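**Q** The following file, data_15.pdb, comprises PDB, C-alpha atoms:
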ATOM      1  CA  MET B   1      14.519 -23.136  11.634  1.00  0.00           C
ATOM      2  CA  ARG B   2      12.688 -20.251   9.914  1.00  0.00           C
ATOM      3  CA  LYS B   3      13.334 -16.702  10.960  1.00  0.00           C
ATOM      4  CA  LYS B   4      10.343 -14.709  12.092  1.00  0.00           C
ATOM      5  CA  TYR B   5      10.108 -11.210  10.734  1.00  0.00           C
ATOM      6  CA  TRP B   6       8.183  -8.598  12.661  1.00  0.00           C
ATOM      7  CA  SER B   7       7.216  -6.895   9.397  1.00  0.00           C
ATOM      8  CA  ALA B   8       5.405 -10.004   8.153  1.00  0.00           C
ATOM      9  CA  GLU B   9       3.477 -10.107  11.399  1.00  0.00           C
ATOM     10  CA  VAL B  10       2.528  -6.435  11.091  1.00  0.00           C
ATOM     11  CA  THR B  11       1.300  -6.973   7.545  1.00  0.00           C
ATOM     12  CA  LYS B  12      -0.845  -9.902   8.665  1.00  0.00           C
ATOM     13  CA  THR B  13      -2.184  -8.438  11.888  1.00  0.00           C
ATOM     14  CA  SER B  14      -2.195  -4.690  11.318  1.00  0.00           C
ATOM     15  CA  ASN B  15      -4.311  -2.960  13.901  1.00  0.00           C
ATOM     16  CA  ALA B  16      -5.029  -0.052  11.586  1.00  0.00           C
ATOM     17  CA  LEU B  17      -6.429  -1.708   8.466  1.00  0.00           C
ATOM     18  CA  ASP B  18      -8.184  -4.979   7.771  1.00  0.00           C
ATOM     19  CA  LEU B  19      -6.427  -6.125   4.615  1.00  0.00           C
ATOM     20  CA  GLU B  20      -7.706  -8.742   2.220  1.00  0.00           C
ATOM     21  CA  GLU B  21      -5.764 -11.970   2.294  1.00  0.00           C
ATOM     22  CA  ASN B  22      -2.655 -11.999   0.078  1.00  0.00           C
ATOM     23  CA  LEU B  23      -3.372  -8.430  -1.044  1.00  0.00           C
ATOM     24  CA  PHE B  24       0.254  -7.659  -1.848  1.00  0.00           C
ATOM     25  CA  THR B  25       0.617 -10.729  -4.058  1.00  0.00           C
ATOM     26  CA  TRP B  26      -2.173  -9.773  -6.459  1.00  0.00           C
ATOM     27  CA  LYS B  27      -1.184  -9.040 -10.057  1.00  0.00           C
ATOM     28  CA  ASP B  28      -3.664  -6.210 -10.685  1.00  0.00           C
ATOM     29  CA  SER B  29      -2.423  -2.854  -9.372  1.00  0.00           C
ATOM     30  CA  LYS B  30      -5.873  -1.263  -9.687  1.00  0.00           C
ATOM     31  CA  ARG B  31      -7.413  -4.033  -7.613  1.00  0.00           C
ATOM     32  CA  ILE B  32      -4.716  -3.600  -4.948  1.00  0.00           C
ATOM     33  CA  ALA B  33      -5.364   0.157  -4.819  1.00  0.00           C
ATOM     34  CA  ARG B  34      -9.155  -0.261  -4.623  1.00  0.00           C
ATOM     35  CA  SER B  35      -8.818  -2.806  -1.830  1.00  0.00           C
ATOM     36  CA  LEU B  36      -6.448  -0.577   0.167  1.00  0.00           C
ATOM     37  CA  LYS B  37      -8.810   2.360  -0.308  1.00  0.00           C
ATOM     38  CA  GLU B  38     -11.801   0.354   0.871  1.00  0.00           C
ATOM     39  CA  SER B  39      -9.895  -0.995   3.882  1.00  0.00           C
ATOM     40  CA  ALA B  40      -8.718   2.473   4.869  1.00  0.00           C
ATOM     41  CA  GLU B  41     -12.133   4.051   4.496  1.00  0.00           C
ATOM     42  CA  THR B  42     -13.972   1.390   6.487  1.00  0.00           C
ATOM     43  CA  SER B  43     -11.410   1.133   9.285  1.00  0.00           C
ATOM     44  CA  LEU B  44     -12.491   2.531  12.621  1.00  0.00           C
ATOM     45  CA  ARG B  45      -8.971   2.152  14.027  1.00  0.00           C
ATOM     46  CA  ARG B  46      -6.890   4.236  11.647  1.00  0.00           C
ATOM     47  CA  LYS B  47      -5.352   7.403  13.021  1.00  0.00           C
ATOM     48  CA  ALA B  48      -4.813   9.320   9.790  1.00  0.00           C
ATOM     49  CA  HIS B  49      -6.724  10.257   6.639  1.00  0.00           C
ATOM     50  CA  PRO B  50      -7.721   7.159   4.612  1.00  0.00           C
ATOM     51  CA  PHE B  51      -5.332   8.048   1.771  1.00  0.00           C
ATOM     52  CA  GLN B  52      -2.404   8.401   4.157  1.00  0.00           C
ATOM     53  CA  SER B  53      -3.243   5.140   5.911  1.00  0.00           C
ATOM     54  CA  ALA B  54      -3.558   3.194   2.660  1.00  0.00           C
ATOM     55  CA  MET B  55      -0.373   4.657   1.182  1.00  0.00           C
ATOM     56  CA  SER B  56       1.526   4.069   4.415  1.00  0.00           C
ATOM     57  CA  MET B  57       0.586   0.403   4.459  1.00  0.00           C
ATOM     58  CA  LEU B  58       1.647  -0.005   0.829  1.00  0.00           C
ATOM     59  CA  ASN B  59       4.952   1.793   1.410  1.00  0.00           C
ATOM     60  CA  PHE B  60       5.543  -0.217   4.563  1.00  0.00           C
ATOM     61  CA  TYR B  61       5.177  -3.458   2.637  1.00  0.00           C
ATOM     62  CA  ILE B  62       7.441  -2.290  -0.213  1.00  0.00           C
ATOM     63  CA  ASN B  63      10.115  -1.026   2.162  1.00  0.00           C
ATOM     64  CA  ARG B  64      10.100  -4.109   4.368  1.00  0.00           C
ATOM     65  CA  ALA B  65      10.246  -6.486   1.407  1.00  0.00           C
ATOM     66  CA  GLY B  66      13.329  -4.645   0.189  1.00  0.00           C
ATOM     67  CA  LYS B  67      15.722  -6.734  -1.894  1.00  0.00           C
ATOM     68  CA  ASN B  68      13.414  -9.738  -1.706  1.00  0.00           C
ATOM     69  CA  LEU B  69      10.887  -7.982  -3.938  1.00  0.00           C
ATOM     70  CA  SER B  70      11.213  -8.971  -7.593  1.00  0.00           C
ATOM     71  CA  ALA B  71      11.357  -6.223 -10.206  1.00  0.00           C
ATOM     72  CA  LYS B  72       7.996  -7.369 -11.561  1.00  0.00           C
ATOM     73  CA  ARG B  73       6.334  -7.267  -8.122  1.00  0.00           C
ATOM     74  CA  LYS B  74       7.910  -3.866  -7.339  1.00  0.00           C
ATOM     75  CA  LYS B  75       6.567  -2.499 -10.619  1.00  0.00           C
ATOM     76  CA  ILE B  76       3.043  -3.719  -9.801  1.00  0.00           C
ATOM     77  CA  LEU B  77       3.176  -2.229  -6.306  1.00  0.00           C
ATOM     78  CA  ASP B  78       4.588   1.076  -7.576  1.00  0.00           C
ATOM     79  CA  GLN B  79       1.740   1.169 -10.097  1.00  0.00           C
ATOM     80  CA  ALA B  80      -0.685   0.513  -7.221  1.00  0.00           C
ATOM     81  CA  LYS B  81       0.680   3.664  -5.554  1.00  0.00           C
ATOM     82  CA  LYS B  82      -0.141   5.632  -8.705  1.00  0.00           C
ATOM     83  CA  GLU B  83      -3.604   4.092  -8.842  1.00  0.00           C
ATOM     84  CA  LEU B  84      -4.194   4.955  -5.189  1.00  0.00           C
ATOM     85  CA  ARG B  85      -3.260   8.576  -5.894  1.00  0.00           C
ATOM     86  CA  LYS B  86      -5.745   8.605  -8.797  1.00  0.00           C
ATOM     87  CA  LEU B  87      -8.512   7.200  -6.595  1.00  0.00           C
ATOM     88  CA  TYR B  88      -7.962  10.026  -4.110  1.00  0.00           C
ATOM     89  CA  ASN B  89      -7.244  12.696  -6.746  1.00  0.00           C
ATOM     90  CA  LYS B  90      -3.795  13.299  -5.284  1.00  0.00           C
ATOM     91  CA  LYS B  91      -0.900  14.600  -7.331  1.00  0.00           C
ATOM     92  CA  THR B  92       2.743  13.688  -6.910  1.00  0.00           C
ATOM     93  CA  GLN B  93       5.174  16.418  -5.918  1.00  0.00           C
ATOM     94  CA  GLU B  94       6.510  16.369  -9.486  1.00  0.00           C
ATOM     95  CA  GLU B  95       3.035  17.016 -10.880  1.00  0.00           C
ATOM     96  CA  LYS B  96       2.535  19.889  -8.439  1.00  0.00           C
ATOM     97  CA  ASN B  97       5.898  21.417  -9.449  1.00  0.00           C
ATOM     98  CA  GLU B  98       5.045  21.254 -13.158  1.00  0.00           C
ATOM     99  CA  LYS B  99       2.296  23.838 -12.677  1.00  0.00           C
ATOM    100  CA  THR B 100       4.604  26.407 -11.102  1.00  0.00           C
TER
END
How does this structure look as structure tokens?
**A**
Amino acid sequence: MRKKYWSAEVTKTSNALDLEENLFTWKDSKRIARSLKESAETSLRRKAHPFQSAMSMLNFYINRAGKNLSAKRKKILDQAKKELRKLYNKKTQEEKNEKT
């Protein structure tokens, strides 16, 4: 008998963003980021800024996958976070601190 994980269900049926099928399995981090951005910006159900919604969904997936995420997949998804920041012209806290 297979276990059912609530996080898998949330990823599939999120009420905030309409995600493309198998989005988190794609190999191109830029494509993942663009798709998340488009989903967040076209959603009429999100409750936060598009950047925050897109980043939250990506972080949710990474955090819920946990130890089951291969190093290669984690690297791609972490790169997608960087790409998402670029698309929204957002800086990391480290980049902000460098200027002070």
**Q** I'd like to know which of B:Ser53, B:Asn97, B:Asn68, B:Gln79 is closest to Ala33 of chain B, using all atoms listed in the file.
**A**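 The shortest atom-to-atom distance to Ala33 of chain B comes from B:Gln79.
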**Q** May I ask for the distance between atom CA of Lys37 of chain B and atom CA of Ser70 of chain B, given in Å to one decimal place?
**A**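 Those two atoms sit 24.1 Å apart.
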**Q** Please compute the atom CA of Ala54 of chain B-atom CA of Lys82 of chain B distance, one decimal, in Å.
**A**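 One can read the atom CA of Ala54 of chain B to atom CA of Lys82 of chain B distance as 12.1 Å.
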**Q** Kindly give the distance, in Å, that separates atom CA of Leu77 of chain B and atom CA of Ser29 of chain B, rounded to a single decimal.
**A**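 Atom CA of Ser29 of chain B lies 6.4 Å from atom CA of Leu77 of chain B.
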**Q** Which neighbours of Asn89 of chain B fall inside 10 Å, counting all atoms listed in the file, when residues of the same chain fewer than 5 positions from it are skipped, and could you give them as a list in words?
**A**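 Residues meeting the cut-off are Phe51, Glu83 and Leu84 of chain B.
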**Q** Out of B:Ile76, B:Met55, B:Leu36, B:Ile62, which residue has the shortest atom-to-atom distance to Leu23 of chain B when counting only C-alpha atoms?
**A** B:Leu36
